[in-house]
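Single-structure report; data block below.
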Number of protein chains: 2
Amino acid sequence: MAGATSIGSVRGDIRTVWIAGVWPELAAGRFPVKRVVGDTFEVSADILREGHEALAAVLKYRTVKDTTWREVPMHHVDNDRWVGRFLLEENTRYLYTLEAYPDAYRSWAVDLEKRLAAGMEVASELLEGAALLRPALARAVGADKKRIEERLAELERATTPLQQARILLADDTAELVENYPDRSAATTYDRELEVVVDRPLAQCAAWYEMFPRSQGTVAGRHATFQDCIARLPDIAAMGFDVIYLPPIHPVGRSFRKGRNNSLVAGPDDPGSPWAIGNERGGHKAVEPALGTLHDFRELVGAARAAGLEIALDYALQCSPDHPYVHEHPEWFHHRPDGTIKYAENPPKKYQDIYPLNFYCRDREALWEELRSIVLFWIEQGVRIFRVDNPHTKPMPFWAWLIREVQTLYPDVIFLSEAFTRPKLMQALAKVGFTQSYTYFTWRNFKGELTAYLTELTGTEMAEYFRGNLFTNTPDILPPILQDGGRPAFKLRLALAATLSSLYGIYSGYELCEGAAVPGTEEYLDSEKYEIRVRDWDAPGHIKAYIARINRIRRENPALQEYRNLEFYECDDDNILFYGKRSADGQNTVWVAVNLDPFQAREARLDLPMRELGVTSEDRLQVHELITDQRQLWRGPAHTIRLDPEEPAAILRVAPFARKPFADPCY
Amino acid sequence: MAGATSIGSVRGDIRTVWIAGVWPELAAGRFPVKRVVGDTFEVSADILREGHEALAAVLKYRTVKDTTWREVPMHHVDNDRWVGRFLLEENTRYLYTLEAYPDAYRSWAVDLEKRLAAGMEVASELLEGAALLRPALARAVGADKKRIEERLAELERATTPLQQARILLADDTAELVENYPDRSAATTYDRELEVVVDRPLAQCAAWYEMFPRSQGTVAGRHATFQDCIARLPDIAAMGFDVIYLPPIHPVGRSFRKGRNNSLVAGPDDPGSPWAIGNERGGHKAVEPALGTLHDFRELVGAARAAGLEIALDYALQCSPDHPYVHEHPEWFHHRPDGTIKYAENPPKKYQDIYPLNFYCRDREALWEELRSIVLFWIEQGVRIFRVDNPHTKPMPFWAWLIREVQTLYPDVIFLSEAFTRPKLMQALAKVGFTQSYTYFTWRNFKGELTAYLTELTGTEMAEYFRGNLFTNTPDILPPILQDGGRPAFKLRLALAATLSSLYGIYSGYELCEGAAVPGTEEYLDSEKYEIRVRDWDAPGHIKAYIARINRIRRENPALQEYRNLEFYECDDDNILFYGKRSADGQNTVWVAVNLDPFQAREARLDLPMRELGVTSEDRLQVHELITDQRQLWRGPAHTIRLDPEEPAAILRVAPFARKPFADPCY
């Protein structure tokens, strides 16, 4: 209870402003909150003191590289709550804290005004006022010093108490005194809090996942990075921002898995790319069938040229053939007989994979080597890492690794691929992951979507956890996509792309691929174990729909923010109605999605007129952006019908401009 | 961000259990929570770790006087939430914290069971199991040591893997290993939290406020402590627990206030007792007209004998005649001309009162003197202090004073008389006040009563802020009592006494005194400025009603708890329906109060059948405790009519015992 003791001591500390309830602040400042460059960062707090004396407060901030604090004034809002704001200009970490102090001048001025109004004698109060002005002189600099001297001289010359009062209470006197306040009794908040300021892509991006080896055009032939380059125009045309590649490293040979996860691989089976490493190298090498490191760098460059960034997989396990296994057997788990343990979840055996022992005796060398992998790929131009199964590795490792890397490269983005218990997923985000996978993939209905997305974007979680909504992954083909056909692919895409500013699909989605191993969420003939060649223009594809929706995202700032999601009422449980409004208030988008892929649904939407600053009876201009149709609606309700073939309506809305009644209209 | 750094370091700390979201915990442990002796203290936390290894956790606690920690095991509830409990046996402060560690044995056992079930080879796992049992031998003591040796010997003798597995998985082996766990990788929560354990009266008491000088029987004569002693049977008969006396010290003479707060006092006007101090002494003296210090101690003793405790006022200001004024002028505020400042709120002047300057240069001596006042009255047998206007004195002072006093006398109770902004009232409770006045005095209607009492008793506030609901005070005669007559006095009493375990009235309430200075909440002919003599058995009094309600409080443990209030639905806004259930579940009380003092109201109560563990169609035994009427109700609803003359129903409810169907009933 060190804190409790410091609150009261017989020495009668005069630093007695109470600063509490600071927001944002996570776990008493143990974890940083997250924002992006260009955000206005708002900090609020309860700031109070005994009695009725006036207070002043400042919000202090600096980047981790700065040595001095900058300050902005805080303002009282209501009920002892104060707020301050500053612009986050740089992709780095900022620290922030608060300072508050009694404002003796303001207290004095308020008191004097009351006395004057009551016609009371004020000679003594005027002496006190002058005594407040004089020390400000010592603190003032430049022209202000002179201005205070002038005030004091005027005060000398003034012959009546009323004249003196006028000089002391004048606005410019107040400004002078309050610009050079006496902070000797200031209280500084006892914590320095941190905000990680990422680049904008950390908060808003559309991801596309693809297996490089499946990007060829000849059936059965292992594709190369050059094939991937050839695919870039198609992916760019769909409007994606990030292409994420599963591991590109040499694939292990021992216990290699065959097609459909069979235990014995055929001679031509390429194996799971997550079984990393063979005699050609490990996590810093490239699978020779894909090409060379030079080819990879070429892909990175070509992608950038097409407005795309390449994200790599960071999967910390090894095949039995990985160089680490013989170079550093001490980095693995061992059986009593000395052999290395493969991964198991009895009765399942994953003999093609050796997990690393993060707690081994030689862990310093291990952790440093693992860091060097990230730094190696950064040198090849990669700035985004999708991290495989982080929830099976120690949280202190991630806290250390991410901070180490971002200190050197603040633009690096880490996506946590953890589909595990909620608090473990949250913990990983708290220790540093930039973005996180979510349960969205399995949330289909109104109640569960509303509850979950509200938790993600509208609670404390939104301060540190950025949910990247994947519609599907190589491991998850959810039931709705197996059963719902093309309408399901459209509606799930529309949801993912508008509920969050971050979303992703795994390739094949645009072709509405929905064939699963029966009774599972595994893809039939999964690319994890074999090379696939697809006709990317096969009939029934939804590439134009995806392109349209990604373009709507790019054209509507409201959809690029993460924490601005609001759900609205409508009278049918099969239609989800929600909206987003940009921070500047200039862009408002409402979305209605039919969650039923099998039939048309109709609902009466309760329009949130108040958010637009109009009355419930006003007219609205409504522009449906998928079908490019414009309508004039009148509040407060509107009935909408959504067909499975066009399951979503994305509506840009604005009040219908009305001439003020008093203006002439002729 | 020291915290953030400690989370991840290249050294790969093996203390990696994640402990977060500990409850109760206020402001990261800066402030203690409050409980009373006899409470079972429950602590919960999120406890988790990467992967799927089993964990174990203990709740550690000690009193501030103990040097070693005690421990109780914590149990996993759900979703990584763990809980532990211990009994608070002593009136002192306790510290508590948590420790958690990987449970290697349990992880191993779960894994082995799966392998056995799948018919897998387990030779290696059995070696690992034996390797877990052996180190437990080194940690075990007494008979357990021998039992582990026996297990190891049995293991030697076992000839088949199945026999070995049976020995290692046996319940008593598990118990032995888990009783002597390997805690080398244990994580201790990084905060020690505090709980103040008060005596029960701190949480449950009925207060009665009275001016000692008004307890006489001869009009105009200043009464004495002996007169107060004569009044004790009447007050005890009403069932109160605490008698609170406004200041009993010599009353100042300078600028003494006259009747009804007039600026000039007549020669016989006794003055406000809050203008403390004259030539006969200050805060450690007794007003001679009341008697001697010996008389006061006699009152304290007589009260104790009648089951009552005397609470004194601790009002830290001085009349201009107080000895401190000439002995320690440096403890006061001064004008530029050197004179001492009296209290003011322009245009109002309180020339009979000098505030103390808690920040003066000599503040150490001042604070110590102020502490000595409390210690002086403690020596006279007083253990309860009602603190006047604490919100105009520094919070560090209260934090220091209360901790200092309670370290010596943990049974001392401090009631904060702050009617000010909500966050300032909360802050005072956080720094140590045992109980606090509330806004109840002005909350009359269903919505505002429900919202406010829920905030007080059902949110984080309930962990540190105990609301003492006063129906009236010498400063506050609320409008409902001015206008509502006897029904208002009855309904407000019933509310105060059943919504909170702590409540109080100011004397005259039992006589339904409702005459105010017009347009104000001030009593007409207030006792603050004159001596009153009353006929305590005047017609229309509600003493029997008060006695009945206080007896109901004493007979129903549910009403003695503070944090168990629940509001229920009913279909009339003029009837408030709520209830309380004792921690042991044995006592359930529902209360319905007609908030309208002017007319009878009727409402259909939605009976919370589920809380009684019965179905919505079951029968209930209902005992109305004010009128002593018994009824049989059948759920799930009951219509009640409440007359202004009998505005409250306090219902002890229990399921009607039903013989199990299978039992013979002949």
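Scheme for the structure tokens: letters A, B, ... for chains in order shown; per-chain residue numbers from 1; ligand numbers from 1 in order shown.
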Every residue of segment 321-353 of chain B that DSSP places in helix (DSSP H, G or I), as an NGL selection string: :B and (323-327 or 329-331)
Using only N, CA, C and O atoms, please write the residues we just selected to a file, as a PDB file, in the first residue's frame.
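Below is the file that was written, out-v3.pdb:
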ATOM      1  N   PRO B 323      -9.015  29.180  22.021  1.00  0.00           N
ATOM      2  CA  PRO B 323      -7.624  29.346  22.481  1.00  0.00           C
ATOM      3  C   PRO B 323      -6.603  29.274  21.347  1.00  0.00           C
ATOM      4  O   PRO B 323      -5.581  29.963  21.400  1.00  0.00           O
ATOM      5  N   TYR B 324      -6.854  28.450  20.308  1.00  0.00           N
ATOM      6  CA  TYR B 324      -5.888  28.361  19.200  1.00  0.00           C
ATOM      7  C   TYR B 324      -5.628  29.724  18.569  1.00  0.00           C
ATOM      8  O   TYR B 324      -4.548  29.985  18.049  1.00  0.00           O
ATOM      9  N   VAL B 325      -6.653  30.608  18.587  1.00  0.00           N
ATOM     10  CA  VAL B 325      -6.530  31.862  17.857  1.00  0.00           C
ATOM     11  C   VAL B 325      -5.403  32.721  18.413  1.00  0.00           C
ATOM     12  O   VAL B 325      -4.642  33.324  17.659  1.00  0.00           O
ATOM     13  N   HIS B 326      -5.277  32.761  19.757  1.00  0.00           N
ATOM     14  CA  HIS B 326      -4.153  33.547  20.283  1.00  0.00           C
ATOM     15  C   HIS B 326      -2.901  32.712  20.503  1.00  0.00           C
ATOM     16  O   HIS B 326      -1.793  33.187  20.364  1.00  0.00           O
ATOM     17  N   GLU B 327      -3.099  31.402  20.743  1.00  0.00           N
ATOM     18  CA  GLU B 327      -1.907  30.560  20.941  1.00  0.00           C
ATOM     19  C   GLU B 327      -1.212  30.239  19.618  1.00  0.00           C
ATOM     20  O   GLU B 327       0.001  30.086  19.566  1.00  0.00           O
ATOM     21  N   PRO B 329      -1.886  31.798  16.110  1.00  0.00           N
ATOM     22  CA  PRO B 329      -2.468  32.555  14.998  1.00  0.00           C
ATOM     23  C   PRO B 329      -1.933  32.076  13.642  1.00  0.00           C
ATOM     24  O   PRO B 329      -2.596  32.221  12.618  1.00  0.00           O
ATOM     25  N   GLU B 330      -0.750  31.441  13.650  1.00  0.00           N
ATOM     26  CA  GLU B 330      -0.146  30.980  12.377  1.00  0.00           C
ATOM     27  C   GLU B 330      -0.918  29.830  11.752  1.00  0.00           C
ATOM     28  O   GLU B 330      -0.658  29.444  10.615  1.00  0.00           O
ATOM     29  N   TRP B 331      -1.872  29.239  12.484  1.00  0.00           N
ATOM     30  CA  TRP B 331      -2.666  28.131  11.932  1.00  0.00           C
ATOM     31  C   TRP B 331      -3.877  28.617  11.121  1.00  0.00           C
ATOM     32  O   TRP B 331      -4.652  27.808  10.623  1.00  0.00           O
TER      33      TRP B 331
END
Contacts of Met238 of chain A at 6 Å (only C-alpha atoms; same-chain gap of 3+ positions) as a PyMOL selection string: chain A and resi 235+546-547
Those selected residues, please, written with C-alpha atoms and delivered as a short mmCIF file (atom, residue, chain, number, x, y, z; two decimals), in the first residue's frame.
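Once everything was written out, this is selection_38.cif:
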data_model
loop_
_atom_site.label_atom_id
_atom_site.label_comp_id
_atom_site.auth_asym_id
_atom_site.auth_seq_id
_atom_site.Cartn_x
_atom_site.Cartn_y
_atom_site.Cartn_z
CA ILE A 235 -5.76 -8.84 -56.65
CA ILE A 546 -15.50 -7.49 -53.80
CA ALA A 547 -13.98 -4.69 -55.89
#
Residue neighbourhood Trp442 of chain B, 12 Å, only C-alpha atoms, exclusion window fewer than 5 positions, as a list in words: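 Once the adjacent positions are removed, what remains is Phe419, Tyr437, Glu448, Leu449, Tyr452, Leu469, Phe470, Thr471, Asn472, Thr473, Ile476, Leu477, Pro478, Pro479, Ile480, Leu481, Arg492, Ala496 and Glu521 of chain B.
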All strand (DSSP E) residues (DSSP, backbone) inside segment 391-524 of chain A, as a list in words: Ile413, Phe414, Leu415, Ser416, Glu417, Gln435, Ser436, Leu469, Phe470, Leu502, Tyr503, Gly504, Ile505 and Tyr506 of chain A
Between atom CA of Asp525 of chain B and atom CA of Asn389 of chain B, distance in Å (one decimal):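 Between atom CA of Asp525 of chain B and atom CA of Asn389 of chain B the gap is 22.8 Å.
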7 Å contact set for Ser507 of chain B, only C-alpha atoms, chain neighbours under 5 positions out, as a list in words: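 Here the qualifying residues turn out to be Tyr208, Glu209 and Met210 of chain B.
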Near-segment 77-83 of chain A list (12 Å; only C-alpha atoms; drop same-chain fewer than 4 positions) as a PyMOL selection string: (chain A and resi 17-24+41-50+52+54-59+72-73+98-100) or (chain B and resi 420-427)
If you count only C-alpha atoms, which residues fall within 9 Å of segment 565-577 of chain B, apart from same-chain ones fewer than 4 positions away, as a PDB file with C-alpha atoms, in the first residue's frame?
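Written out: around_1.pdb:
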ATOM      1  CA  PHE B 445     -39.189   9.213  -6.654  1.00  0.00           C
ATOM      2  CA  LYS B 446     -38.873   5.778  -8.139  1.00  0.00           C
ATOM      3  CA  GLY B 447     -36.406   6.450 -10.948  1.00  0.00           C
ATOM      4  CA  LEU B 449     -34.179   6.266  -5.842  1.00  0.00           C
ATOM      5  CA  THR B 450     -33.535   3.188  -7.959  1.00  0.00           C
ATOM      6  CA  LEU B 453     -29.332   3.305  -4.455  1.00  0.00           C
ATOM      7  CA  THR B 454     -28.106   0.990  -7.205  1.00  0.00           C
ATOM      8  CA  THR B 457     -24.930  -0.471  -3.129  1.00  0.00           C
ATOM      9  CA  GLY B 458     -24.482  -2.282  -6.432  1.00  0.00           C
ATOM     10  CA  LEU B 499     -32.710   0.535   1.578  1.00  0.00           C
ATOM     11  CA  SER B 500     -29.490   0.741   3.582  1.00  0.00           C
ATOM     12  CA  LEU B 559     -31.563  -5.875   6.377  1.00  0.00           C
ATOM     13  CA  GLU B 561     -26.182  -6.213   4.987  1.00  0.00           C
ATOM     14  CA  ARG B 581     -31.469 -11.596   0.983  1.00  0.00           C
ATOM     15  CA  TRP B 590     -39.158  -7.747   0.260  1.00  0.00           C
ATOM     16  CA  VAL B 591     -40.271  -4.170   0.757  1.00  0.00           C
ATOM     17  CA  ALA B 592     -42.942  -2.152  -1.012  1.00  0.00           C
ATOM     18  CA  VAL B 593     -43.293   1.549  -0.208  1.00  0.00           C
ATOM     19  CA  ASN B 594     -45.875   4.033  -1.401  1.00  0.00           C
ATOM     20  CA  LEU B 595     -43.826   7.109  -2.338  1.00  0.00           C
ATOM     21  CA  ASP B 596     -46.908   9.317  -2.501  1.00  0.00           C
ATOM     22  CA  ARG B 601     -51.625   3.614  -4.423  1.00  0.00           C
ATOM     23  CA  GLU B 602     -51.937   0.118  -5.766  1.00  0.00           C
ATOM     24  CA  ALA B 603     -49.454  -1.888  -7.799  1.00  0.00           C
ATOM     25  CA  ARG B 604     -48.990  -5.337  -9.227  1.00  0.00           C
ATOM     26  CA  LEU B 605     -45.654  -6.594  -7.927  1.00  0.00           C
ATOM     27  CA  ASP B 606     -43.588  -8.887 -10.176  1.00  0.00           C
ATOM     28  CA  LEU B 607     -42.400 -11.340  -7.543  1.00  0.00           C
ATOM     29  CA  PRO B 608     -38.753 -12.405  -8.004  1.00  0.00           C
ATOM     30  CA  LEU B 642     -50.623   0.945   0.330  1.00  0.00           C
TER      31      LEU B 642
END
Atom-to-atom span, atom CA of Ile531 of chain A and atom CA of Ala223 of chain A, Å: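 Distance reported for this atom pair: 8.3 Å.
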Residues near Thr498 of chain A, cut-off 9 Å, only C-alpha atoms, skip fewer than 2 positions along chain, as a ChimeraX atom specification: /A:493-496,500-503,549,553,559-560,579-580,591,650
Separation of atom CA of Ala399 of chain B from atom CA of Asp362 of chain B in Å: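 Computing it gives 18.9 Å between the two atoms.
Between Asp234 of chain B and the candidates B:Asp537, B:Ile505, B:Ala657, B:Gly635, the tightest atom-to-atom separation, counting only C-alpha atoms, involves B:Asp537.
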